[in-house]
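Structure file coords_13.cif (mmCIF, C-alpha atoms) follows.
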```
data_run
loop_
_atom_site.group_PDB
_atom_site.id
_atom_site.type_symbol
_atom_site.label_atom_id
_atom_site.label_comp_id
_atom_site.auth_asym_id
_atom_site.auth_seq_id
_atom_site.Cartn_x
_atom_site.Cartn_y
_atom_site.Cartn_z
ATOM 1 C CA MET A 1 -50.942 160.449 -137.103
ATOM 2 C CA ALA A 2 -49.486 163.016 -134.706
ATOM 3 C CA ASP A 3 -51.364 161.849 -131.624
ATOM 4 C CA GLU A 4 -50.997 158.086 -132.144
ATOM 5 C CA HIS A 5 -48.634 157.842 -129.164
ATOM 6 C CA LEU A 6 -51.009 159.679 -126.825
ATOM 7 C CA ARG A 7 -52.718 157.552 -124.213
ATOM 8 C CA ALA A 8 -56.285 156.517 -125.004
ATOM 9 C CA SER A 9 -59.165 157.324 -122.654
ATOM 10 C CA ASP A 10 -61.910 154.963 -121.492
ATOM 11 C CA ALA A 11 -64.398 156.965 -123.585
ATOM 12 C CA GLU A 12 -62.265 156.467 -126.746
ATOM 13 C CA ARG A 13 -61.995 152.737 -126.071
ATOM 14 C CA GLN A 14 -65.749 152.421 -125.584
ATOM 15 C CA GLN A 15 -66.457 154.485 -128.705
ATOM 16 C CA LEU A 16 -64.337 152.114 -130.809
ATOM 17 C CA VAL A 17 -66.040 149.036 -129.335
ATOM 18 C CA ASP A 18 -69.429 150.568 -130.176
ATOM 19 C CA ARG A 19 -68.253 151.122 -133.781
ATOM 20 C CA LEU A 20 -66.973 147.539 -133.976
ATOM 21 C CA ARG A 21 -70.396 146.297 -132.856
ATOM 22 C CA ASP A 22 -72.009 148.314 -135.654
ATOM 23 C CA HIS A 23 -69.627 146.770 -138.211
ATOM 24 C CA ALA A 24 -70.401 143.280 -136.845
ATOM 25 C CA ALA A 25 -74.130 143.974 -137.111
ATOM 26 C CA GLU A 26 -73.586 144.949 -140.760
ATOM 27 C CA GLY A 27 -71.692 141.701 -141.440
ATOM 28 C CA ARG A 28 -68.169 143.110 -141.769
ATOM 29 C CA LEU A 29 -66.875 141.299 -138.674
ATOM 30 C CA THR A 30 -67.596 137.801 -137.412
ATOM 31 C CA THR A 31 -68.499 137.219 -133.780
ATOM 32 C CA ASP A 32 -64.986 135.917 -133.112
ATOM 33 C CA GLU A 33 -63.407 138.977 -134.740
ATOM 34 C CA LEU A 34 -65.665 141.285 -132.741
ATOM 35 C CA GLU A 35 -64.691 139.569 -129.496
ATOM 36 C CA GLU A 36 -60.965 139.663 -130.299
ATOM 37 C CA ARG A 37 -60.969 143.297 -131.368
ATOM 38 C CA SER A 38 -63.165 144.390 -128.459
ATOM 39 C CA ALA A 39 -60.833 142.719 -125.961
ATOM 40 C CA ALA A 40 -57.847 144.364 -127.675
ATOM 41 C CA ALA A 41 -59.610 147.752 -127.626
ATOM 42 C CA TYR A 42 -60.291 147.543 -123.883
ATOM 43 C CA ALA A 43 -56.654 146.573 -123.300
ATOM 44 C CA ALA A 44 -55.226 149.297 -125.591
ATOM 45 C CA THR A 45 -53.136 152.038 -123.987
ATOM 46 C CA THR A 46 -52.545 154.406 -126.931
ATOM 47 C CA ARG A 47 -54.690 155.991 -129.627
ATOM 48 C CA GLY A 48 -52.504 154.345 -132.278
ATOM 49 C CA GLU A 49 -53.451 150.898 -130.976
ATOM 50 C CA LEU A 50 -57.120 151.835 -131.312
ATOM 51 C CA VAL A 51 -56.645 153.098 -134.865
ATOM 52 C CA ALA A 52 -54.934 149.832 -135.869
ATOM 53 C CA LEU A 53 -58.050 147.886 -134.851
ATOM 54 C CA ARG A 54 -60.223 149.680 -137.423
ATOM 55 C CA LEU A 55 -57.840 150.283 -140.353
ATOM 56 C CA ASP A 56 -59.482 147.620 -142.555
ATOM 57 C CA LEU A 57 -63.023 148.885 -141.863
ATOM 58 C CA PRO A 58 -64.797 151.648 -143.793
ATOM 59 C CA GLU A 59 -65.467 154.913 -142.072
ATOM 60 C CA THR A 60 -69.173 155.467 -141.492
ATOM 61 C CA ALA A 61 -71.035 158.725 -140.959
ATOM 62 C CA ALA A 62 -71.445 157.806 -137.302
ATOM 63 C CA SER A 63 -67.712 157.209 -136.890
ATOM 64 C CA ARG A 64 -66.839 160.571 -138.491
ATOM 65 C CA ALA A 65 -69.125 162.538 -136.203
ATOM 66 C CA PRO A 66 -67.237 163.708 -133.126
ATOM 67 C CA THR A 67 -68.652 162.206 -129.971
ATOM 68 C CA PRO A 68 -68.064 164.130 -126.782
ATOM 69 C CA PRO A 69 -66.814 161.953 -123.950
ATOM 70 C CA PRO A 70 -69.608 160.969 -121.573
ATOM 71 C CA GLU A 71 -69.830 162.750 -118.275
ATOM 72 C CA VAL A 72 -68.613 160.327 -115.646
ATOM 73 C CA VAL A 73 -70.330 160.473 -112.299
ATOM 74 C CA GLY A 74 -69.509 157.625 -109.984
ATOM 75 C CA GLU A 75 -66.601 155.423 -109.086
ATOM 76 C CA ARG A 76 -64.514 153.260 -111.416
ATOM 77 C CA ILE A 77 -63.125 149.927 -110.301
ATOM 78 C CA GLY A 78 -60.982 147.966 -112.720
ATOM 79 C CA ALA A 79 -59.045 144.747 -113.022
ATOM 80 C CA VAL A 80 -56.924 144.821 -116.167
ATOM 81 C CA LEU A 81 -54.407 141.970 -116.252
ATOM 82 C CA SER A 82 -54.819 141.798 -112.479
ATOM 83 C CA ASN A 83 -57.187 140.941 -109.637
ATOM 84 C CA THR A 84 -59.107 143.529 -107.614
ATOM 85 C CA GLU A 85 -61.188 143.151 -104.457
ATOM 86 C CA ARG A 86 -63.311 145.717 -102.628
ATOM 87 C CA GLY A 87 -65.089 144.797 -99.409
ATOM 88 C CA GLY A 88 -65.574 145.448 -95.729
ATOM 89 C CA HIS A 89 -67.122 148.732 -94.630
ATOM 90 C CA TRP A 90 -67.206 151.292 -97.451
ATOM 91 C CA LEU A 91 -69.565 153.885 -98.864
ATOM 92 C CA VAL A 92 -71.054 152.682 -102.159
ATOM 93 C CA PRO A 93 -71.830 155.485 -104.655
ATOM 94 C CA GLU A 94 -75.104 155.517 -106.587
ATOM 95 C CA ARG A 95 -73.221 154.573 -109.764
ATOM 96 C CA LEU A 96 -70.281 152.217 -110.175
ATOM 97 C CA TYR A 97 -68.314 151.328 -113.301
ATOM 98 C CA VAL A 98 -66.593 147.953 -113.122
ATOM 99 C CA LYS A 99 -64.239 146.630 -115.807
ATOM 100 C CA ALA A 100 -62.413 143.289 -115.904
ATOM 101 C CA VAL A 101 -60.105 142.599 -118.840
ATOM 102 C CA LEU A 102 -58.027 139.450 -118.444
ATOM 103 C CA GLY A 103 -58.564 139.768 -114.704
ATOM 104 C CA ASP A 104 -60.923 139.099 -111.809
ATOM 105 C CA CYS A 105 -62.856 141.652 -109.785
ATOM 106 C CA LYS A 106 -64.769 140.962 -106.564
ATOM 107 C CA LEU A 107 -67.072 143.530 -104.955
ATOM 108 C CA ASP A 108 -68.618 142.843 -101.569
ATOM 109 C CA LEU A 109 -71.530 145.118 -100.632
ATOM 110 C CA ARG A 110 -72.717 143.033 -97.657
ATOM 111 C CA GLN A 111 -71.057 145.204 -95.007
ATOM 112 C CA ALA A 112 -71.039 148.419 -97.018
ATOM 113 C CA GLU A 113 -73.274 151.476 -96.731
ATOM 114 C CA VAL A 114 -75.501 151.053 -99.780
ATOM 115 C CA PRO A 115 -77.914 153.764 -101.017
ATOM 116 C CA ARG A 116 -81.560 152.908 -101.807
ATOM 117 C CA GLU A 117 -80.683 152.383 -105.467
ATOM 118 C CA VAL A 118 -77.352 151.553 -107.069
ATOM 119 C CA THR A 119 -76.491 151.150 -110.753
ATOM 120 C CA ILE A 120 -73.430 149.063 -111.563
ATOM 121 C CA GLU A 121 -72.203 149.038 -115.155
ATOM 122 C CA VAL A 122 -70.060 145.958 -115.701
ATOM 123 C CA ARG A 123 -67.813 145.259 -118.703
ATOM 124 C CA VAL A 124 -66.053 141.892 -118.798
ATOM 125 C CA ARG A 125 -63.588 140.714 -121.440
ATOM 126 C CA LEU A 126 -61.830 137.412 -120.773
ATOM 127 C CA GLY A 127 -62.335 137.866 -117.039
ATOM 128 C CA ASN A 128 -64.692 137.400 -114.122
ATOM 129 C CA VAL A 129 -66.697 139.751 -111.918
ATOM 130 C CA THR A 130 -68.426 138.617 -108.725
ATOM 131 C CA ILE A 131 -70.666 141.001 -106.774
ATOM 132 C CA TYR A 132 -71.861 139.985 -103.305
ATOM 133 C CA VAL A 133 -75.006 141.830 -102.188
ATOM 134 C CA PRO A 134 -77.058 141.860 -98.941
ATOM 135 C CA ALA A 135 -79.883 139.349 -98.461
ATOM 136 C CA ASP A 136 -82.561 142.066 -98.494
ATOM 137 C CA ALA A 137 -81.374 143.548 -101.817
ATOM 138 C CA ARG A 138 -83.407 143.308 -105.016
ATOM 139 C CA VAL A 139 -81.186 142.665 -108.027
ATOM 140 C CA VAL A 140 -82.181 143.726 -111.545
ATOM 141 C CA LEU A 141 -79.802 142.212 -114.107
ATOM 142 C CA THR A 142 -79.786 143.470 -117.701
ATOM 143 C CA GLY A 143 -77.361 143.360 -120.607
ATOM 144 C CA ARG A 144 -75.836 140.597 -122.662
ATOM 145 C CA SER A 145 -73.234 137.857 -122.663
ATOM 146 C CA ILE A 146 -71.401 136.369 -125.635
ATOM 147 C CA LEU A 147 -69.552 133.107 -125.018
ATOM 148 C CA GLY A 148 -69.859 133.839 -121.320
ATOM 149 C CA ASP A 149 -72.328 133.799 -118.475
ATOM 150 C CA ARG A 150 -74.212 136.295 -116.322
ATOM 151 C CA LYS A 151 -76.411 135.215 -113.463
ATOM 152 C CA VAL A 152 -77.963 136.089 -110.112
ATOM 153 C CA ARG A 153 -77.439 133.424 -107.487
ATOM 154 C CA GLY A 154 -79.622 133.162 -104.366
ATOM 155 C CA GLN A 155 -82.267 135.832 -105.099
ATOM 156 C CA GLU A 156 -84.849 135.443 -102.333
ATOM 157 C CA GLY A 157 -88.291 136.422 -103.585
ATOM 158 C CA GLY A 158 -87.341 139.770 -105.060
ATOM 159 C CA GLY A 159 -85.592 141.179 -102.013
ATOM 160 C CA GLY A 160 -86.844 142.198 -98.595
ATOM 161 C CA GLY A 161 -87.191 145.956 -98.716
ATOM 162 C CA GLY A 162 -83.471 146.586 -99.053
ATOM 163 C CA PRO A 163 -81.626 148.463 -101.783
ATOM 164 C CA VAL A 164 -82.338 148.005 -105.477
ATOM 165 C CA ILE A 165 -79.139 147.018 -107.234
ATOM 166 C CA ARG A 166 -79.269 147.396 -111.014
ATOM 167 C CA VAL A 167 -76.492 145.598 -112.848
ATOM 168 C CA ASP A 168 -76.042 146.351 -116.567
ATOM 169 C CA ALA A 169 -73.623 143.758 -117.879
ATOM 170 C CA ASP A 170 -71.718 143.453 -121.144
ATOM 171 C CA VAL A 171 -69.855 140.155 -120.930
ATOM 172 C CA ILE A 172 -67.682 138.677 -123.686
ATOM 173 C CA LEU A 173 -65.698 135.513 -122.949
ATOM 174 C CA GLY A 174 -66.144 135.869 -119.211
ATOM 175 C CA ASP A 175 -68.498 135.499 -116.272
ATOM 176 C CA LEU A 176 -70.549 137.811 -114.090
ATOM 177 C CA THR A 177 -72.148 136.478 -110.909
ATOM 178 C CA VAL A 178 -74.300 138.532 -108.550
ATOM 179 C CA ASP A 179 -74.428 136.536 -105.321
ATOM 180 C CA VAL A 180 -77.265 137.452 -102.948
ATOM 181 C CA ALA A 181 -76.389 136.646 -99.333
ATOM 182 C CA THR A 182 -78.685 134.271 -97.497
ATOM 183 C CA THR A 183 -80.621 135.625 -94.522
ATOM 184 C CA GLY A 184 -78.273 133.682 -92.224
ATOM 185 C CA GLU A 185 -75.194 135.336 -93.767
ATOM 186 C CA ARG A 186 -76.811 138.771 -93.388
ATOM 187 C CA LEU A 187 -77.508 138.113 -89.686
ATOM 188 C CA LYS A 188 -73.950 136.864 -89.190
ATOM 189 C CA ASN A 189 -72.580 140.049 -90.821
ATOM 190 C CA LEU A 190 -74.758 142.280 -88.632
ATOM 191 C CA LEU A 191 -73.748 140.444 -85.469
ATOM 192 C CA GLY A 192 -70.094 140.552 -86.525
ATOM 193 C CA ARG A 193 -70.265 144.335 -86.930
ATOM 194 C CA GLY A 194 -71.508 144.809 -83.393
ATOM 195 C CA ARG A 195 -68.427 143.273 -81.827
#
```
Encoded form using C-alpha coordinates:
Amino acid sequence: MADEHLRASDAERQQLVDRLRDHAAEGRLTTDELEERSAAAYAATTRGELVALRLDLPETAASRAPTPPPEVVGERIGAVLSNTERGGHWLVPERLYVKAVLGDCKLDLRQAEVPREVTIEVRVRLGNVTIYVPADARVVLTGRSILGDRKVRGQEGGGGGGPVIRVDADVILGDLTVDVATTGERLKNLLGRGR
(Lines of atoms letter the chains of each structure in order from A and count residues from 1; the text may use other names and numbers.)
(Lines give C-alpha, C1' and ligand atoms only; values in the text may rest on other atoms or scores of the structure.)
Protein backbone atom coordinates (compact mmCIF):
# COMPACT_ATOMS: atom_id res chain seq x y z
CA MET A 1 0.00 0.00 0.00
CA ALA A 2 1.62 3.24 -1.17
CA ASP A 3 0.36 5.40 1.68
CA GLU A 4 0.94 2.94 4.54
CA HIS A 5 3.76 5.10 5.91
CA LEU A 6 1.66 8.27 5.92
CA ARG A 7 0.57 9.52 9.31
CA ALA A 8 -2.98 8.65 10.33
CA SER A 9 -5.50 11.34 11.29
CA ASP A 10 -7.82 11.34 14.30
CA ALA A 11 -10.77 10.87 11.91
CA GLU A 12 -9.14 7.73 10.39
CA ARG A 13 -8.47 6.31 13.85
CA GLN A 14 -12.06 6.91 14.94
CA GLN A 15 -13.43 5.44 11.70
CA LEU A 16 -11.49 2.21 12.31
CA VAL A 17 -12.69 1.99 15.93
CA ASP A 18 -16.28 2.42 14.72
CA ARG A 19 -15.75 -0.45 12.23
CA LEU A 20 -14.24 -2.63 14.96
CA ARG A 21 -17.32 -2.01 17.11
CA ASP A 22 -19.52 -3.15 14.22
CA HIS A 23 -17.47 -6.35 13.85
CA ALA A 24 -17.74 -6.96 17.62
CA ALA A 25 -21.50 -6.46 17.46
CA GLU A 26 -21.64 -9.08 14.69
CA GLY A 27 -19.63 -11.55 16.80
CA ARG A 28 -16.33 -11.43 14.90
CA LEU A 29 -14.41 -9.89 17.82
CA THR A 30 -14.63 -10.61 21.53
CA THR A 31 -14.89 -7.76 24.02
CA ASP A 32 -11.22 -8.22 24.93
CA GLU A 33 -10.17 -8.13 21.27
CA LEU A 34 -12.25 -5.01 20.68
CA GLU A 35 -10.63 -3.27 23.65
CA GLU A 36 -7.11 -4.26 22.59
CA ARG A 37 -7.57 -3.24 18.97
CA SER A 38 -9.35 0.00 19.87
CA ALA A 39 -6.52 1.00 22.20
CA ALA A 40 -3.99 0.13 19.48
CA ALA A 41 -5.98 2.13 16.91
CA TYR A 42 -6.03 5.25 19.10
CA ALA A 43 -2.28 4.88 19.67
CA ALA A 44 -1.46 4.24 15.97
CA THR A 45 0.63 6.84 14.16
CA THR A 46 0.55 5.55 10.56
CA ARG A 47 -2.12 4.32 8.17
CA GLY A 48 -0.27 1.00 7.87
CA GLU A 49 -0.72 0.37 11.59
CA LEU A 50 -4.45 0.94 11.19
CA VAL A 51 -4.66 -1.44 8.23
CA ALA A 52 -2.88 -4.18 10.22
CA LEU A 53 -5.63 -4.04 12.86
CA ARG A 54 -8.33 -5.06 10.36
CA LEU A 55 -6.51 -7.44 7.99
CA ASP A 56 -8.27 -10.55 9.36
CA LEU A 57 -11.74 -8.95 9.19
CA PRO A 58 -14.01 -8.95 6.13
CA GLU A 59 -14.65 -5.71 4.36
CA THR A 60 -18.25 -4.57 4.75
CA ALA A 61 -20.25 -2.22 2.55
CA ALA A 62 -19.99 0.42 5.26
CA SER A 63 -16.20 0.09 5.41
CA ARG A 64 -15.87 0.43 1.61
CA ALA A 65 -17.90 3.62 1.47
CA PRO A 66 -15.64 6.65 1.76
CA THR A 67 -16.40 8.66 4.86
CA PRO A 68 -15.46 12.31 4.78
CA PRO A 69 -13.60 13.43 7.88
CA PRO A 70 -15.88 15.18 10.35
CA GLU A 71 -15.71 18.93 10.56
CA VAL A 72 -13.89 19.75 13.77
CA VAL A 73 -15.05 22.82 15.62
CA GLY A 74 -13.64 23.19 19.09
CA GLU A 75 -10.46 22.50 20.97
CA ARG A 76 -8.61 19.19 21.29
CA ILE A 77 -6.80 18.24 24.46
CA GLY A 78 -4.93 14.96 24.56
CA ALA A 79 -2.82 12.82 26.83
CA VAL A 80 -1.25 10.00 24.84
CA LEU A 81 1.44 8.18 26.82
CA SER A 82 1.66 11.31 28.96
CA ASN A 83 -0.14 13.49 31.50
CA THR A 84 -1.91 16.75 30.64
CA GLU A 85 -3.41 19.41 32.89
CA ARG A 86 -5.41 22.51 31.98
CA GLY A 87 -6.56 24.92 34.67
CA GLY A 88 -6.50 28.41 36.08
CA HIS A 89 -8.10 31.22 34.10
CA TRP A 90 -8.84 30.20 30.50
CA LEU A 91 -11.60 30.60 27.95
CA VAL A 92 -13.50 27.33 27.51
CA PRO A 93 -14.89 26.78 23.98
CA GLU A 94 -18.43 25.48 23.46
CA ARG A 95 -17.02 22.12 22.35
CA LEU A 96 -14.00 20.25 23.68
CA TYR A 97 -12.50 16.95 22.54
CA VAL A 98 -10.52 15.15 25.22
CA LYS A 99 -8.53 11.96 24.61
CA ALA A 100 -6.48 9.94 27.10
CA VAL A 101 -4.64 6.88 25.83
CA LEU A 102 -2.28 5.35 28.38
CA GLY A 103 -2.23 8.72 30.11
CA ASP A 104 -4.02 11.04 32.51
CA CYS A 105 -5.80 14.28 31.68
CA LYS A 106 -7.10 16.82 34.21
CA LEU A 107 -9.31 19.76 33.21
CA ASP A 108 -10.23 22.40 35.76
CA LEU A 109 -13.12 24.67 34.76
CA ARG A 110 -13.64 26.20 38.22
CA GLN A 111 -11.75 29.42 37.49
CA ALA A 112 -12.31 29.42 33.74
CA GLU A 113 -14.71 31.49 31.64
CA VAL A 114 -17.36 28.91 30.78
CA PRO A 115 -20.15 29.53 28.22
CA ARG A 116 -23.80 28.76 29.10
CA GLU A 117 -23.49 25.31 27.54
CA VAL A 118 -20.40 23.20 26.91
CA THR A 119 -20.12 19.80 25.24
CA ILE A 120 -17.08 17.72 26.12
CA GLU A 121 -16.45 14.55 24.12
CA VAL A 122 -14.19 12.26 26.12
CA ARG A 123 -12.41 9.14 24.83
CA VAL A 124 -10.42 7.11 27.36
CA ARG A 125 -8.33 4.02 26.63
CA LEU A 126 -6.23 2.67 29.49
CA GLY A 127 -6.16 6.11 31.10
CA ASN A 128 -7.97 8.56 33.34
CA VAL A 129 -9.77 11.85 32.79
CA THR A 130 -10.86 14.11 35.64
CA ILE A 131 -12.94 17.24 34.97
CA TYR A 132 -13.47 19.74 37.78
CA VAL A 133 -16.53 21.96 37.27
CA PRO A 134 -18.03 24.92 39.22
CA ALA A 135 -20.53 24.27 42.02
CA ASP A 136 -23.38 25.93 40.11
CA ALA A 137 -22.87 23.80 36.98
CA ARG A 138 -25.37 21.17 35.86
CA VAL A 139 -23.62 18.07 34.52
CA VAL A 140 -25.26 15.76 31.98
CA LEU A 141 -23.21 12.57 31.58
CA THR A 142 -23.88 10.20 28.68
CA GLY A 143 -21.96 7.45 26.92
CA ARG A 144 -20.57 4.11 27.97
CA SER A 145 -17.79 2.42 29.89
CA ILE A 146 -16.35 -1.05 29.35
CA LEU A 147 -14.18 -2.43 32.14
CA GLY A 148 -13.94 1.10 33.46
CA ASP A 149 -15.90 3.72 35.33
CA ARG A 150 -17.60 7.04 34.60
CA LYS A 151 -19.22 9.09 37.31
CA VAL A 152 -20.27 12.53 38.53
CA ARG A 153 -19.12 13.29 42.04
CA GLY A 154 -20.74 16.00 44.19
CA GLN A 155 -23.67 17.04 41.96
CA GLU A 156 -25.73 19.42 44.10
CA GLY A 157 -29.40 19.21 43.16
CA GLY A 158 -28.97 19.64 39.43
CA GLY A 159 -26.86 22.79 39.53
CA GLY A 160 -27.62 26.33 40.60
CA GLY A 161 -28.28 28.25 37.42
CA GLY A 162 -24.73 27.94 36.14
CA PRO A 163 -23.50 26.44 32.88
CA VAL A 164 -24.77 23.15 31.49
CA ILE A 165 -21.83 20.84 30.93
CA ARG A 166 -22.60 17.86 28.70
CA VAL A 167 -20.02 15.10 28.86
CA ASP A 168 -20.24 12.31 26.25
CA ALA A 169 -17.87 9.60 27.41
CA ASP A 170 -16.50 6.50 25.70
CA VAL A 171 -14.37 4.76 28.32
CA ILE A 172 -12.56 1.45 27.83
CA LEU A 173 -10.24 0.21 30.58
CA GLY A 174 -10.10 3.60 32.26
CA ASP A 175 -11.91 6.11 34.43
CA LEU A 176 -13.76 9.37 33.90
CA THR A 177 -14.71 11.50 36.90
CA VAL A 178 -16.61 14.78 36.70
CA ASP A 179 -16.05 16.47 40.06
CA VAL A 180 -18.53 19.23 40.93
CA ALA A 181 -17.02 21.77 43.33
CA THR A 182 -18.79 22.29 46.62
CA THR A 183 -20.32 25.70 47.30
CA GLY A 184 -17.48 26.39 49.76
CA GLU A 185 -14.84 25.66 47.10
CA ARG A 186 -16.64 27.95 44.63
CA LEU A 187 -16.67 30.79 47.19
CA LYS A 188 -12.99 30.21 47.96
CA ASN A 189 -12.16 30.38 44.22
CA LEU A 190 -14.13 33.62 43.78
CA LEU A 191 -12.47 35.22 46.80
CA GLY A 192 -9.06 34.03 45.61
CA ARG A 193 -9.59 35.70 42.23
CA GLY A 194 -10.28 39.06 43.83
CA ARG A 195 -6.88 39.27 45.46
Can you check which parts of segment 88-126 of chain A lie within 12 Å of segment 12-29 of chain A? Per residue, the shortest pair of atoms and distance in Å to one decimal, counting only C-alpha atoms, sorted by chain and number, as a Markdown table.
```
| residue | atom | partner | partner_atom | distance |
| --- | --- | --- | --- | --- |
| A:Lys99 | CA | A:Gln14 | CA | 11.5 |
| A:Arg123 | CA | A:Gln14 | CA | 10.1 |
| A:Arg125 | CA | A:Val17 | CA | 11.7 |
```
Residue neighbourhood segment 3-7 of chain A, 12 Å, all atoms listed in the file, exclusion window fewer than 2 positions, as a PyMOL selection string: chain A and resi 1+9-13+43-52
For this file, the PyMOL selection byres ((chain A and resi 164) around 12) selects which residues, as a PDB file with C-alpha atoms, in the coordinates of the input?
```pdb
ATOM      1  CA  GLU A  94     -75.104 155.517-106.587  1.00  0.00           C
ATOM      2  CA  VAL A 114     -75.501 151.053 -99.780  1.00  0.00           C
ATOM      3  CA  PRO A 115     -77.914 153.764-101.017  1.00  0.00           C
ATOM      4  CA  ARG A 116     -81.560 152.908-101.807  1.00  0.00           C
ATOM      5  CA  GLU A 117     -80.683 152.383-105.467  1.00  0.00           C
ATOM      6  CA  VAL A 118     -77.352 151.553-107.069  1.00  0.00           C
ATOM      7  CA  THR A 119     -76.491 151.150-110.753  1.00  0.00           C
ATOM      8  CA  ILE A 120     -73.430 149.063-111.563  1.00  0.00           C
ATOM      9  CA  VAL A 133     -75.006 141.830-102.188  1.00  0.00           C
ATOM     10  CA  PRO A 134     -77.058 141.860 -98.941  1.00  0.00           C
ATOM     11  CA  ALA A 135     -79.883 139.349 -98.461  1.00  0.00           C
ATOM     12  CA  ASP A 136     -82.561 142.066 -98.494  1.00  0.00           C
ATOM     13  CA  ALA A 137     -81.374 143.548-101.817  1.00  0.00           C
ATOM     14  CA  ARG A 138     -83.407 143.308-105.016  1.00  0.00           C
ATOM     15  CA  VAL A 139     -81.186 142.665-108.027  1.00  0.00           C
ATOM     16  CA  VAL A 140     -82.181 143.726-111.545  1.00  0.00           C
ATOM     17  CA  LEU A 141     -79.802 142.212-114.107  1.00  0.00           C
ATOM     18  CA  GLY A 158     -87.341 139.770-105.060  1.00  0.00           C
ATOM     19  CA  GLY A 159     -85.592 141.179-102.013  1.00  0.00           C
ATOM     20  CA  GLY A 160     -86.844 142.198 -98.595  1.00  0.00           C
ATOM     21  CA  GLY A 161     -87.191 145.956 -98.716  1.00  0.00           C
ATOM     22  CA  GLY A 162     -83.471 146.586 -99.053  1.00  0.00           C
ATOM     23  CA  PRO A 163     -81.626 148.463-101.783  1.00  0.00           C
ATOM     24  CA  ILE A 165     -79.139 147.018-107.234  1.00  0.00           C
ATOM     25  CA  ARG A 166     -79.269 147.396-111.014  1.00  0.00           C
ATOM     26  CA  VAL A 167     -76.492 145.598-112.848  1.00  0.00           C
ATOM     27  CA  VAL A 180     -77.265 137.452-102.948  1.00  0.00           C
TER      28      VAL A 180
END
```
Counting all atoms listed in the file, what is within 10 Å of Leu81 of chain A, bar same-chain residues fewer than 5 positions away, as a ChimeraX atom specification? /A:43,100-104,126-127
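Counting from atom CA of Thr30 of chain A, the distance to atom CA of Gly78 of chain A is 27.5 Å.
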Report, in Å with one decimal, the straight-line distance from atom CA of Val129 of chain A to atom CA of Leu176 of chain A. 4.8 Å
Surrounding residues of segment 143-149 of chain A excluding itself and chain neighbours under 2 positions, 9 Å, all atoms listed in the file, as a ChimeraX atom specification: /A:31,35,126,141,151,167-177
